[in-house]
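Data first, discussion second: the structure below is written as structure tokens.
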Amino acid sequence: MNKLAEWLREARHAVVFTGAGMSTESGLPDFRSALTGIWRGKDPTQLASTHALRHNREGFAAFYRMRIEGLLACRPHAGHAILAEWERRGRIRGIITQNVDGFHQQAGSRNVAELHGTLGTLRCLACERTYPAARYLQPDGTVCGCGGFLRPAVVLFGEALPEAALAKASEWTEQADLFLVLGSSLVVSPANWFPQQAKAAGARLVIVNREPTPLDDLADLVIDDASIGTVLKMVEEELSGH
């Protein structure tokens, strides 16, 4: 971890990119693993899509009720807190995340670009009023005060990624001199374009992920033998001189 700590010290504009592996260390299941993935035995286009929102609201609501229950049972881990502290100290410029759990903000991070929206908020399709996600677990929790249908503020299959988050992520990526990937398989586009853009612009690219990724050969450093929380803790100890 000495090399990563050294590069963080030298960096003037470090950017962090987080994927599902960051969340699984808090106890949340990922999407695609064979045994515990959220999509195991399910068709995402039937549950988490604009089609489901229009034509299968019962299945849509049941699926997201399950996800929100799981989300509310988990908390940010020590790695989230370390990233928030690095931001506070000016070590990192911001976090680009594929995750929808809101754990970065709960841990104290302020500069977060959520590429896939957030599961922590519900939005009314009729009046745009917002509610905390826990409302979905109540009787008639899918109904707004105006009578409209409530949906989680996540990006569904069939929807574009939010323009504001993409713009922020692009700006940070263009300026990055160190780009740190934490827990992403880097197979989902357009999210996986950002590390490639950072590298092309001259940034050092570091990937921390248990499984190989398609961009490993592009990286300046790959760490695959420790959890994200452990890696961040060890780097923090190096930075703090412990």
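Lettering and numbering for the structure tokens are positional, with chains as A, B, ... in the shown order, residues counted from 1 in each chain, and ligands counted from 1 in the shown order.
Residues of range 109-183 of chain A assigned to strand (DSSP E or B) by DSSP on this structure's backbone: Val112, Ala113, Glu114, Gly117, Thr118, Leu119, Gly120, Thr121, Leu122, Arg123, Cys124, Thr130, Tyr131, Pro132, Val143, Phe149, Leu150, Arg151, Pro152, Ala153, Val154, Phe157, Leu178, Phe179, Leu180, Val181 and Leu182 of chain A.
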Next, dump the selected residues to file, keeping only C-alpha atoms, as a PDB file, in the first residue's frame.
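Just written: again-v3.pdb:
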```pdb
ATOM      1  CA  VAL A 112     -20.377  12.675  -4.702  1.00  0.00           C
ATOM      2  CA  ALA A 113     -21.556  12.121  -8.276  1.00  0.00           C
ATOM      3  CA  GLU A 114     -24.228   9.402  -8.180  1.00  0.00           C
ATOM      4  CA  GLY A 117     -29.291   7.893  -8.700  1.00  0.00           C
ATOM      5  CA  THR A 118     -30.205   7.075  -5.110  1.00  0.00           C
ATOM      6  CA  LEU A 119     -32.322   4.413  -3.444  1.00  0.00           C
ATOM      7  CA  GLY A 120     -32.626   6.579  -0.335  1.00  0.00           C
ATOM      8  CA  THR A 121     -35.258   8.879  -1.849  1.00  0.00           C
ATOM      9  CA  LEU A 122     -38.691   8.301  -3.382  1.00  0.00           C
ATOM     10  CA  ARG A 123     -40.167  10.640  -5.973  1.00  0.00           C
ATOM     11  CA  CYS A 124     -43.800  11.096  -6.996  1.00  0.00           C
ATOM     12  CA  THR A 130     -39.916  13.479  -2.483  1.00  0.00           C
ATOM     13  CA  TYR A 131     -40.024  11.176   0.541  1.00  0.00           C
ATOM     14  CA  PRO A 132     -37.486   9.100   2.502  1.00  0.00           C
ATOM     15  CA  VAL A 143     -48.916   6.370  -2.874  1.00  0.00           C
ATOM     16  CA  PHE A 149     -47.270   6.689  -7.618  1.00  0.00           C
ATOM     17  CA  LEU A 150     -43.958   6.859  -5.752  1.00  0.00           C
ATOM     18  CA  ARG A 151     -40.796   5.456  -7.298  1.00  0.00           C
ATOM     19  CA  PRO A 152     -37.226   5.287  -5.998  1.00  0.00           C
ATOM     20  CA  ALA A 153     -34.964   8.001  -7.420  1.00  0.00           C
ATOM     21  CA  VAL A 154     -32.691   5.420  -9.051  1.00  0.00           C
ATOM     22  CA  PHE A 157     -33.336   0.175 -17.214  1.00  0.00           C
ATOM     23  CA  LEU A 178      -4.805  10.004  -9.716  1.00  0.00           C
ATOM     24  CA  PHE A 179      -7.904   7.897 -10.399  1.00  0.00           C
ATOM     25  CA  LEU A 180      -8.683   5.261  -7.758  1.00  0.00           C
ATOM     26  CA  VAL A 181     -11.221   2.528  -8.578  1.00  0.00           C
ATOM     27  CA  LEU A 182     -12.717   0.721  -5.569  1.00  0.00           C
TER      28      LEU A 182
END
```
Ala52 in chain A environment, 12 Å, only C-alpha atoms, sequence neighbours closer than 5 positions dropped, as a PyMOL selection string
chain A and resi 43-47+57-64+151+156-158
Generate the output file for the selected residues, N, CA and C atoms, as a short mmCIF file (atom, residue, chain, number, x, y, z; two decimals), in the first residue's frame.
```cif
data_model
loop_
_atom_site.label_atom_id
_atom_site.label_comp_id
_atom_site.auth_asym_id
_atom_site.auth_seq_id
_atom_site.Cartn_x
_atom_site.Cartn_y
_atom_site.Cartn_z
N ASP A 43 -35.37 -11.37 -13.87
CA ASP A 43 -35.14 -10.62 -15.09
C ASP A 43 -35.24 -9.14 -14.76
N PRO A 44 -34.13 -8.42 -14.77
CA PRO A 44 -34.17 -7.01 -14.36
C PRO A 44 -35.11 -6.16 -15.20
N THR A 45 -35.30 -6.55 -16.47
CA THR A 45 -36.17 -5.76 -17.33
C THR A 45 -37.64 -5.89 -16.92
N GLN A 46 -37.94 -6.91 -16.11
CA GLN A 46 -39.31 -7.10 -15.63
C GLN A 46 -39.56 -6.44 -14.29
N LEU A 47 -38.49 -5.98 -13.61
CA LEU A 47 -38.64 -5.47 -12.25
C LEU A 47 -38.09 -4.07 -12.05
N ARG A 57 -46.44 -2.52 -11.83
CA ARG A 57 -46.14 -1.74 -10.64
C ARG A 57 -46.11 -2.57 -9.37
N GLU A 58 -46.91 -3.61 -9.32
CA GLU A 58 -46.90 -4.48 -8.13
C GLU A 58 -45.55 -5.16 -7.99
N GLY A 59 -45.05 -5.73 -9.10
CA GLY A 59 -43.73 -6.37 -9.06
C GLY A 59 -42.62 -5.37 -8.85
N PHE A 60 -42.74 -4.21 -9.47
CA PHE A 60 -41.77 -3.13 -9.31
C PHE A 60 -41.66 -2.73 -7.85
N ALA A 61 -42.81 -2.45 -7.22
CA ALA A 61 -42.81 -2.00 -5.82
C ALA A 61 -42.31 -3.09 -4.88
N ALA A 62 -42.67 -4.34 -5.15
CA ALA A 62 -42.22 -5.44 -4.28
C ALA A 62 -40.71 -5.60 -4.36
N PHE A 63 -40.14 -5.46 -5.56
CA PHE A 63 -38.70 -5.59 -5.73
C PHE A 63 -37.97 -4.48 -4.97
N TYR A 64 -38.44 -3.25 -5.14
CA TYR A 64 -37.75 -2.14 -4.47
C TYR A 64 -38.02 -2.10 -2.97
N ARG A 151 -41.85 6.32 -6.78
CA ARG A 151 -40.80 5.46 -7.30
C ARG A 151 -39.48 5.85 -6.66
N LEU A 156 -33.49 3.63 -13.79
CA LEU A 156 -34.07 2.35 -14.20
C LEU A 156 -33.52 1.93 -15.57
N PHE A 157 -33.63 0.64 -15.86
CA PHE A 157 -33.34 0.18 -17.21
C PHE A 157 -34.28 0.91 -18.17
N GLY A 158 -33.71 1.51 -19.20
CA GLY A 158 -34.52 2.28 -20.13
C GLY A 158 -34.44 3.78 -19.90
#
```
When you draw a straight line from CA of His80 in chain A to CA of Leu137 in chain A, how long is it in Å?
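Taking CA of His80 in chain A as the start and CA of Leu137 in chain A as the end point, the length is 26.2 Å.
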Contacts between range 102-109 of chain A and range 62-90 of chain A, please, where a residue of range 62-90 of chain A counts if it comes within 6 Å (with only C-alpha atoms); show its shortest atom pair and distance in Å to one decimal, rows by chain and ascending number, as JSON lines.
```
{"residue": "A:Pro76", "atom": "CA", "partner": "A:Phe103", "partner_atom": "CA", "distance": 5.1}
{"residue": "A:His80", "atom": "CA", "partner": "A:His104", "partner_atom": "CA", "distance": 5.7}
{"residue": "A:Ala81", "atom": "CA", "partner": "A:Ala107", "partner_atom": "CA", "distance": 5.1}
{"residue": "A:Ala84", "atom": "CA", "partner": "A:Ser109", "partner_atom": "CA", "distance": 4.4}
```
Just want the 10 Å neighbourhood of Trp7 in chain A, counted on only C-alpha atoms, with same-chain residues fewer than 6 positions away dropped. Output as a CSV table (one decimal) with all heavy atoms, in the first residue's frame.
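After the write, selection.csv holds the following:
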```csv
chain,number,residue,atom,x,y,z
A,14,ALA,N,-7.0,14.0,-6.9
A,14,ALA,CA,-7.3,12.6,-6.9
A,14,ALA,C,-8.8,12.4,-6.9
A,14,ALA,O,-9.6,13.1,-6.2
A,14,ALA,CB,-6.7,11.9,-5.6
A,177,ASP,N,-5.3,13.6,-11.6
A,177,ASP,CA,-3.9,13.1,-11.8
A,177,ASP,C,-3.8,11.7,-11.1
A,177,ASP,O,-2.8,11.1,-11.3
A,177,ASP,CB,-2.9,14.1,-11.3
A,177,ASP,CG,-3.1,14.6,-9.9
A,177,ASP,OD1,-4.0,14.1,-9.2
A,177,ASP,OD2,-2.4,15.5,-9.4
A,178,LEU,N,-4.7,11.3,-10.3
A,178,LEU,CA,-4.8,10.0,-9.7
A,178,LEU,C,-6.3,9.6,-9.7
A,178,LEU,O,-7.1,10.3,-9.2
A,178,LEU,CB,-4.3,10.0,-8.3
A,178,LEU,CG,-4.4,8.7,-7.5
A,178,LEU,CD1,-3.6,7.6,-8.2
A,178,LEU,CD2,-3.9,8.8,-6.1
A,204,ARG,N,-2.6,8.7,-13.1
A,204,ARG,CA,-2.3,7.3,-12.7
A,204,ARG,C,-3.6,6.6,-12.4
A,204,ARG,O,-4.5,7.2,-11.8
A,204,ARG,CB,-1.4,7.4,-11.4
A,204,ARG,CG,0.0,7.8,-11.7
A,204,ARG,CD,0.7,8.1,-10.4
A,204,ARG,NE,2.1,8.2,-10.6
A,204,ARG,CZ,2.9,8.9,-9.8
A,204,ARG,NH1,2.4,9.6,-8.7
A,204,ARG,NH2,4.2,9.0,-10.0
A,206,VAL,N,-5.4,3.4,-10.5
A,206,VAL,CA,-5.3,2.3,-9.5
A,206,VAL,C,-6.6,1.6,-9.4
A,206,VAL,O,-7.6,2.2,-9.2
A,206,VAL,CB,-4.8,2.9,-8.1
A,206,VAL,CG1,-4.7,1.8,-7.1
A,206,VAL,CG2,-3.5,3.6,-8.2
```
Counting only C-alpha atoms, what is within 12 Å of Trp86 in chain A, bar same-chain residues fewer than 4 positions away, as a list of chain:residue names?
A:Ala5, A:Leu8, A:Arg9, A:His13, A:Ala14, A:Val15, A:Val16, A:Gly79, A:His80, A:Ala81, A:Ile82, A:Gly90, A:Arg91, A:Ile92, A:Arg93, A:Gly94, A:Ile95, A:Ala107, A:Gly108, A:Ser109, A:Arg110, A:Asn111, A:Leu232, A:Lys233, A:Val235, A:Glu236, A:Leu239, A:Ser240
With a distance cut-off of 12 Å and only C-alpha atoms, select the neighbouring residues of Ser189 in chain A, excluding the residue or stretch itself and same-chain residues fewer than 4 positions from it, and output the selection as a VMD selection string.
chain A and resid 98 115 to 116 160 to 161 184 to 185 193 to 196
What would the file look like if the residues just selected were written as an mmCIF file, in the first residue's frame with N, CA and C atoms?
```cif
data_model
loop_
_atom_site.group_PDB
_atom_site.id
_atom_site.type_symbol
_atom_site.label_atom_id
_atom_site.label_comp_id
_atom_site.auth_asym_id
_atom_site.auth_seq_id
_atom_site.Cartn_x
_atom_site.Cartn_y
_atom_site.Cartn_z
ATOM 1 N N GLN A 98 -21.144 4.261 -8.715
ATOM 2 C CA GLN A 98 -22.197 3.501 -9.383
ATOM 3 C C GLN A 98 -23.250 3.052 -8.372
ATOM 4 N N LEU A 115 -23.985 8.251 -10.304
ATOM 5 C CA LEU A 115 -24.290 7.979 -11.706
ATOM 6 C C LEU A 115 -25.617 7.260 -11.895
ATOM 7 N N HIS A 116 -26.030 6.484 -10.890
ATOM 8 C CA HIS A 116 -27.251 5.682 -11.019
ATOM 9 C C HIS A 116 -28.351 6.138 -10.075
ATOM 10 N N ALA A 160 -31.930 7.307 -19.091
ATOM 11 C CA ALA A 160 -30.579 7.851 -19.249
ATOM 12 C C ALA A 160 -29.989 8.160 -17.880
ATOM 13 N N LEU A 161 -28.665 8.174 -17.799
ATOM 14 C CA LEU A 161 -28.007 8.571 -16.560
ATOM 15 C C LEU A 161 -28.218 10.067 -16.347
ATOM 16 N N SER A 184 -15.232 -2.042 -8.379
ATOM 17 C CA SER A 184 -16.051 -2.061 -9.601
ATOM 18 C C SER A 184 -15.504 -3.088 -10.574
ATOM 19 N N SER A 185 -16.397 -3.842 -11.197
ATOM 20 C CA SER A 185 -15.992 -4.810 -12.221
ATOM 21 C C SER A 185 -15.597 -4.113 -13.513
ATOM 22 N N TRP A 193 -16.172 4.256 -18.688
ATOM 23 C CA TRP A 193 -15.400 5.164 -19.538
ATOM 24 C C TRP A 193 -14.528 6.092 -18.700
ATOM 25 N N PHE A 194 -14.955 6.414 -17.502
ATOM 26 C CA PHE A 194 -14.245 7.424 -16.719
ATOM 27 C C PHE A 194 -12.803 7.022 -16.388
ATOM 28 N N PRO A 195 -12.553 5.800 -15.897
ATOM 29 C CA PRO A 195 -11.146 5.450 -15.656
ATOM 30 C C PRO A 195 -10.317 5.457 -16.934
ATOM 31 N N GLN A 196 -10.924 5.092 -18.060
ATOM 32 C CA GLN A 196 -10.186 5.114 -19.326
ATOM 33 C C GLN A 196 -9.868 6.551 -19.742
#
```
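Take CA of Ile68 in chain A and CA of Thr213 in chain A: the distance between them is 28.6 Å.
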Taking the DSSP assignment computed from this structure's backbone, write out as a compact mmCIF listing (two decimals) with N, CA, C and O atoms, in the first residue's frame all residues of range 9-185 of chain A that belong to helix (DSSP H, G or I).
```txt
# COMPACT_ATOMS: atom_id res chain seq x y z
N ARG A 9 -0.27 11.23 -1.65
CA ARG A 9 0.43 12.40 -1.12
C ARG A 9 0.81 13.37 -2.25
O ARG A 9 0.73 14.58 -2.10
N GLU A 10 1.22 12.80 -3.38
CA GLU A 10 1.68 13.62 -4.50
C GLU A 10 0.53 14.23 -5.30
O GLU A 10 0.71 15.27 -5.95
N ALA A 20 -19.99 -1.78 -6.80
CA ALA A 20 -20.73 -2.64 -5.88
C ALA A 20 -19.86 -3.23 -4.77
O ALA A 20 -20.33 -3.46 -3.66
N GLY A 21 -18.58 -3.47 -5.07
CA GLY A 21 -17.70 -4.05 -4.05
C GLY A 21 -17.57 -3.17 -2.83
O GLY A 21 -17.33 -3.66 -1.72
N MET A 22 -17.73 -1.86 -3.00
CA MET A 22 -17.71 -0.94 -1.86
C MET A 22 -18.91 -1.19 -0.96
O MET A 22 -18.81 -1.11 0.27
N SER A 23 -20.03 -1.50 -1.56
CA SER A 23 -21.27 -1.70 -0.81
C SER A 23 -21.36 -3.10 -0.18
O SER A 23 -21.91 -3.25 0.90
N THR A 24 -20.83 -4.10 -0.87
CA THR A 24 -20.94 -5.46 -0.33
C THR A 24 -20.20 -5.59 1.00
O THR A 24 -20.59 -6.40 1.84
N PRO A 44 -34.13 -8.42 -14.77
CA PRO A 44 -34.17 -7.01 -14.36
C PRO A 44 -35.11 -6.16 -15.20
O PRO A 44 -35.69 -5.21 -14.72
N THR A 45 -35.30 -6.55 -16.47
CA THR A 45 -36.17 -5.76 -17.33
C THR A 45 -37.64 -5.89 -16.92
O THR A 45 -38.48 -5.08 -17.32
N GLN A 46 -37.94 -6.91 -16.11
CA GLN A 46 -39.31 -7.10 -15.63
C GLN A 46 -39.56 -6.44 -14.29
O GLN A 46 -40.70 -6.36 -13.82
N LEU A 47 -38.49 -5.98 -13.61
CA LEU A 47 -38.64 -5.47 -12.25
C LEU A 47 -38.09 -4.07 -12.05
O LEU A 47 -38.64 -3.30 -11.26
N THR A 50 -38.28 0.92 -16.90
CA THR A 50 -39.39 1.81 -17.20
C THR A 50 -40.62 1.00 -17.61
O THR A 50 -41.75 1.41 -17.35
N HIS A 51 -40.40 -0.14 -18.25
CA HIS A 51 -41.52 -1.02 -18.63
C HIS A 51 -42.26 -1.51 -17.39
O HIS A 51 -43.49 -1.48 -17.33
N ALA A 52 -41.49 -1.96 -16.38
CA ALA A 52 -42.12 -2.42 -15.13
C ALA A 52 -42.84 -1.28 -14.43
O ALA A 52 -43.92 -1.47 -13.85
N LEU A 53 -42.26 -0.10 -14.45
CA LEU A 53 -42.89 1.06 -13.82
C LEU A 53 -44.25 1.36 -14.44
O LEU A 53 -45.19 1.76 -13.74
N ARG A 54 -44.36 1.13 -15.73
CA ARG A 54 -45.62 1.40 -16.42
C ARG A 54 -46.60 0.22 -16.36
O ARG A 54 -47.80 0.42 -16.21
N HIS A 55 -46.06 -1.01 -16.46
CA HIS A 55 -46.94 -2.15 -16.69
C HIS A 55 -46.92 -3.21 -15.58
O HIS A 55 -47.74 -4.13 -15.60
N ARG A 57 -46.44 -2.52 -11.83
CA ARG A 57 -46.14 -1.74 -10.64
C ARG A 57 -46.11 -2.57 -9.37
O ARG A 57 -45.36 -2.28 -8.44
N GLU A 58 -46.91 -3.61 -9.32
CA GLU A 58 -46.90 -4.48 -8.13
C GLU A 58 -45.55 -5.16 -7.99
O GLU A 58 -44.95 -5.18 -6.92
N GLY A 59 -45.05 -5.73 -9.10
CA GLY A 59 -43.73 -6.37 -9.06
C GLY A 59 -42.62 -5.37 -8.85
O GLY A 59 -41.66 -5.64 -8.11
N PHE A 60 -42.74 -4.21 -9.47
CA PHE A 60 -41.77 -3.13 -9.31
C PHE A 60 -41.66 -2.73 -7.85
O PHE A 60 -40.57 -2.66 -7.27
N ALA A 61 -42.81 -2.45 -7.22
CA ALA A 61 -42.81 -2.00 -5.82
C ALA A 61 -42.31 -3.09 -4.88
O ALA A 61 -41.57 -2.80 -3.94
N ALA A 62 -42.67 -4.34 -5.15
CA ALA A 62 -42.22 -5.44 -4.28
C ALA A 62 -40.71 -5.60 -4.36
O ALA A 62 -40.04 -5.83 -3.34
N PHE A 63 -40.14 -5.46 -5.56
CA PHE A 63 -38.70 -5.59 -5.73
C PHE A 63 -37.97 -4.48 -4.97
O PHE A 63 -37.02 -4.73 -4.24
N TYR A 64 -38.44 -3.25 -5.14
CA TYR A 64 -37.75 -2.14 -4.47
C TYR A 64 -38.02 -2.10 -2.97
O TYR A 64 -37.19 -1.62 -2.21
N ARG A 65 -39.16 -2.63 -2.55
CA ARG A 65 -39.41 -2.77 -1.10
C ARG A 65 -38.35 -3.69 -0.50
O ARG A 65 -37.80 -3.40 0.57
N MET A 66 -38.07 -4.78 -1.19
CA MET A 66 -37.04 -5.71 -0.73
C MET A 66 -35.67 -5.03 -0.68
O MET A 66 -34.93 -5.16 0.30
N ARG A 67 -35.35 -4.26 -1.71
CA ARG A 67 -34.05 -3.59 -1.75
C ARG A 67 -33.93 -2.53 -0.65
O ARG A 67 -32.87 -2.37 -0.04
N ILE A 68 -35.00 -1.80 -0.40
CA ILE A 68 -34.97 -0.76 0.62
C ILE A 68 -34.87 -1.37 2.01
O ILE A 68 -34.15 -0.85 2.88
N GLU A 69 -35.54 -2.48 2.22
CA GLU A 69 -35.40 -3.18 3.52
C GLU A 69 -33.95 -3.56 3.75
O GLU A 69 -33.42 -3.38 4.85
N GLY A 70 -33.30 -4.11 2.71
CA GLY A 70 -31.89 -4.47 2.83
C GLY A 70 -31.01 -3.27 3.07
O GLY A 70 -30.08 -3.31 3.89
N LEU A 71 -31.31 -2.17 2.39
CA LEU A 71 -30.51 -0.96 2.53
C LEU A 71 -30.59 -0.41 3.96
O LEU A 71 -29.58 -0.05 4.56
N LEU A 72 -31.79 -0.36 4.51
CA LEU A 72 -31.99 0.23 5.83
C LEU A 72 -31.39 -0.62 6.95
O LEU A 72 -31.20 -0.15 8.06
N ALA A 78 -15.97 1.29 7.57
CA ALA A 78 -14.84 2.17 7.88
C ALA A 78 -14.22 2.79 6.64
O ALA A 78 -13.71 3.92 6.67
N GLY A 79 -14.27 2.06 5.52
CA GLY A 79 -13.72 2.60 4.28
C GLY A 79 -14.45 3.85 3.81
O GLY A 79 -13.83 4.80 3.31
N HIS A 80 -15.77 3.87 3.96
CA HIS A 80 -16.54 5.07 3.61
C HIS A 80 -16.08 6.26 4.46
O HIS A 80 -15.93 7.38 3.96
N ALA A 81 -15.87 6.00 5.75
CA ALA A 81 -15.45 7.08 6.67
C ALA A 81 -14.06 7.61 6.31
O ALA A 81 -13.81 8.82 6.39
N ILE A 82 -13.16 6.72 5.89
CA ILE A 82 -11.81 7.15 5.50
C ILE A 82 -11.87 8.05 4.27
O ILE A 82 -11.20 9.09 4.21
N LEU A 83 -12.69 7.67 3.29
CA LEU A 83 -12.82 8.51 2.09
C LEU A 83 -13.38 9.88 2.44
O LEU A 83 -12.94 10.90 1.89
N ALA A 84 -14.34 9.92 3.35
CA ALA A 84 -14.91 11.21 3.77
C ALA A 84 -13.84 12.07 4.45
O ALA A 84 -13.78 13.29 4.23
N GLU A 85 -13.01 11.43 5.23
CA GLU A 85 -11.93 12.16 5.92
C GLU A 85 -10.90 12.66 4.91
O GLU A 85 -10.39 13.78 5.03
N TRP A 86 -10.59 11.85 3.90
CA TRP A 86 -9.65 12.29 2.87
C TRP A 86 -10.20 13.49 2.11
O TRP A 86 -9.46 14.41 1.77
N GLU A 87 -11.50 13.48 1.85
CA GLU A 87 -12.10 14.64 1.19
C GLU A 87 -11.98 15.87 2.09
O GLU A 87 -11.64 16.97 1.62
N ARG A 88 -12.26 15.71 3.37
CA ARG A 88 -12.20 16.83 4.32
C ARG A 88 -10.79 17.43 4.36
O ARG A 88 -10.63 18.65 4.47
N ARG A 89 -9.79 16.55 4.26
CA ARG A 89 -8.40 17.01 4.29
C ARG A 89 -7.90 17.51 2.94
O ARG A 89 -6.76 17.98 2.84
N PHE A 103 -24.31 5.66 1.03
CA PHE A 103 -23.40 5.46 2.16
C PHE A 103 -22.26 6.48 2.19
O PHE A 103 -21.77 6.84 3.25
N HIS A 104 -21.82 6.92 1.01
CA HIS A 104 -20.75 7.93 1.01
C HIS A 104 -21.21 9.20 1.73
O HIS A 104 -20.48 9.74 2.57
N GLN A 105 -22.43 9.64 1.42
CA GLN A 105 -22.94 10.85 2.08
C GLN A 105 -23.19 10.61 3.56
O GLN A 105 -22.92 11.48 4.39
N GLN A 106 -23.71 9.43 3.91
CA GLN A 106 -23.94 9.11 5.32
C GLN A 106 -22.64 9.15 6.11
O GLN A 106 -22.63 9.53 7.29
N ALA A 107 -21.55 8.77 5.47
CA ALA A 107 -20.24 8.75 6.14
C ALA A 107 -19.61 10.13 6.21
O ALA A 107 -18.61 10.31 6.91
N ALA A 133 -36.89 6.87 1.72
CA ALA A 133 -37.16 5.53 1.19
C ALA A 133 -37.99 4.67 2.14
O ALA A 133 -38.75 3.81 1.70
N ALA A 134 -37.87 4.90 3.45
CA ALA A 134 -38.58 4.06 4.43
C ALA A 134 -40.09 4.09 4.22
O ALA A 134 -40.79 3.17 4.65
N ARG A 135 -40.62 5.11 3.56
CA ARG A 135 -42.06 5.18 3.30
C ARG A 135 -42.53 3.96 2.52
O ARG A 135 -43.68 3.53 2.66
N TYR A 136 -41.67 3.40 1.67
CA TYR A 136 -42.06 2.24 0.86
C TYR A 136 -42.43 1.03 1.72
O TYR A 136 -43.11 0.13 1.24
N LEU A 137 -41.97 1.01 2.96
CA LEU A 137 -42.23 -0.14 3.83
C LEU A 137 -43.53 0.02 4.61
O LEU A 137 -43.93 -0.88 5.35
N GLU A 163 -27.84 13.87 -16.08
CA GLU A 163 -26.88 14.74 -16.76
C GLU A 163 -25.96 15.48 -15.79
O GLU A 163 -24.77 15.64 -16.05
N ALA A 164 -26.52 15.93 -14.67
CA ALA A 164 -25.71 16.69 -13.72
C ALA A 164 -24.59 15.83 -13.14
O ALA A 164 -23.44 16.28 -13.00
N ALA A 165 -24.91 14.58 -12.79
CA ALA A 165 -23.89 13.67 -12.24
C ALA A 165 -22.84 13.34 -13.28
O ALA A 165 -21.64 13.29 -12.98
N LEU A 166 -23.26 13.12 -14.52
CA LEU A 166 -22.32 12.83 -15.59
C LEU A 166 -21.38 14.01 -15.84
O LEU A 166 -20.17 13.83 -16.03
N ALA A 167 -21.93 15.21 -15.82
CA ALA A 167 -21.11 16.40 -16.06
C ALA A 167 -20.08 16.57 -14.95
O ALA A 167 -18.91 16.89 -15.22
N LYS A 168 -20.51 16.37 -13.72
CA LYS A 168 -19.59 16.50 -12.59
C LYS A 168 -18.49 15.44 -12.68
O LYS A 168 -17.30 15.73 -12.49
N ALA A 169 -18.89 14.20 -12.98
CA ALA A 169 -17.92 13.12 -13.09
C ALA A 169 -16.92 13.38 -14.22
O ALA A 169 -15.72 13.12 -14.07
N SER A 170 -17.40 13.89 -15.34
CA SER A 170 -16.52 14.19 -16.47
C SER A 170 -15.52 15.28 -16.11
O SER A 170 -14.33 15.20 -16.45
N GLU A 171 -16.00 16.31 -15.43
CA GLU A 171 -15.12 17.41 -15.04
C GLU A 171 -14.01 16.93 -14.12
O GLU A 171 -12.83 17.24 -14.32
N TRP A 172 -14.38 16.16 -13.10
CA TRP A 172 -13.37 15.64 -12.18
C TRP A 172 -12.38 14.73 -12.89
O TRP A 172 -11.18 14.77 -12.63
N THR A 173 -12.90 13.88 -13.79
CA THR A 173 -12.05 12.92 -14.50
C THR A 173 -11.02 13.64 -15.37
O THR A 173 -9.85 13.25 -15.41
N GLU A 174 -11.46 14.68 -16.06
CA GLU A 174 -10.54 15.43 -16.93
C GLU A 174 -9.40 16.07 -16.14
O GLU A 174 -8.29 16.23 -16.64
N GLN A 175 -9.68 16.44 -14.89
CA GLN A 175 -8.69 17.13 -14.07
C GLN A 175 -7.84 16.17 -13.23
O GLN A 175 -6.84 16.58 -12.63
```
Given only C-alpha atoms as the counted atoms, nearest of A:Ala191, A:Ala73, A:Arg129, A:Phe17 to Pro162 in chain A:
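Closest residue, counting only C-alpha atoms: A:Ala191.
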Within 12 Å of Glu211 in chain A using only C-alpha atoms, minus same-chain residues under 4 positions, as a PyMOL selection string:
chain A and resi 21+33+182-187+207+215-216+222-227
Give me a file of those residues, with N, CA and C atoms, as a CSV table (one decimal), in the first residue's frame.
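The resulting file, selection_37.csv, is shown below:
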```
chain,number,residue,atom,x,y,z
A,21,GLY,N,-18.6,-3.5,-5.1
A,21,GLY,CA,-17.7,-4.0,-4.1
A,21,GLY,C,-17.6,-3.2,-2.8
A,33,SER,N,-23.4,-11.7,-8.7
A,33,SER,CA,-22.8,-12.9,-8.3
A,33,SER,C,-23.7,-14.1,-8.3
A,182,LEU,N,-12.5,1.6,-6.7
A,182,LEU,CA,-12.7,0.7,-5.6
A,182,LEU,C,-14.0,-0.1,-5.8
A,183,GLY,N,-13.7,-1.4,-6.0
A,183,GLY,CA,-14.9,-2.4,-6.0
A,183,GLY,C,-15.8,-2.3,-7.2
A,184,SER,N,-15.2,-2.0,-8.4
A,184,SER,CA,-16.1,-2.1,-9.6
A,184,SER,C,-15.5,-3.1,-10.6
A,185,SER,N,-16.4,-3.8,-11.2
A,185,SER,CA,-16.0,-4.8,-12.2
A,185,SER,C,-15.6,-4.1,-13.5
A,186,LEU,N,-16.0,-2.8,-13.6
A,186,LEU,CA,-15.6,-2.0,-14.8
A,186,LEU,C,-16.1,-2.6,-16.1
A,187,VAL,N,-17.3,-3.2,-16.1
A,187,VAL,CA,-17.9,-3.8,-17.3
A,187,VAL,C,-19.1,-3.1,-17.7
A,207,ILE,N,-6.6,0.3,-9.4
A,207,ILE,CA,-7.8,-0.5,-9.3
A,207,ILE,C,-7.7,-1.5,-8.1
A,215,LEU,N,-9.9,-3.6,-17.4
A,215,LEU,CA,-8.9,-2.5,-17.5
A,215,LEU,C,-7.7,-2.7,-16.7
A,216,ASP,N,-7.5,-3.9,-16.1
A,216,ASP,CA,-6.3,-4.2,-15.3
A,216,ASP,C,-5.0,-3.9,-16.0
A,222,VAL,N,-2.7,-2.6,-9.5
A,222,VAL,CA,-3.9,-3.4,-9.2
A,222,VAL,C,-3.7,-4.1,-7.9
A,223,ILE,N,-4.7,-3.9,-7.0
A,223,ILE,CA,-4.7,-4.6,-5.7
A,223,ILE,C,-5.9,-5.5,-5.6
A,224,ASP,N,-5.7,-6.8,-5.5
A,224,ASP,CA,-6.8,-7.8,-5.6
A,224,ASP,C,-6.7,-8.8,-4.4
A,225,ASP,N,-5.8,-8.5,-3.4
A,225,ASP,CA,-5.6,-9.5,-2.4
A,225,ASP,C,-6.1,-9.0,-1.0
A,226,ALA,N,-6.9,-7.9,-1.0
A,226,ALA,CA,-7.4,-7.4,0.3
A,226,ALA,C,-8.7,-6.7,0.1
A,227,SER,N,-9.5,-6.6,1.2
A,227,SER,CA,-10.8,-5.9,1.1
A,227,SER,C,-10.5,-4.4,0.9
```
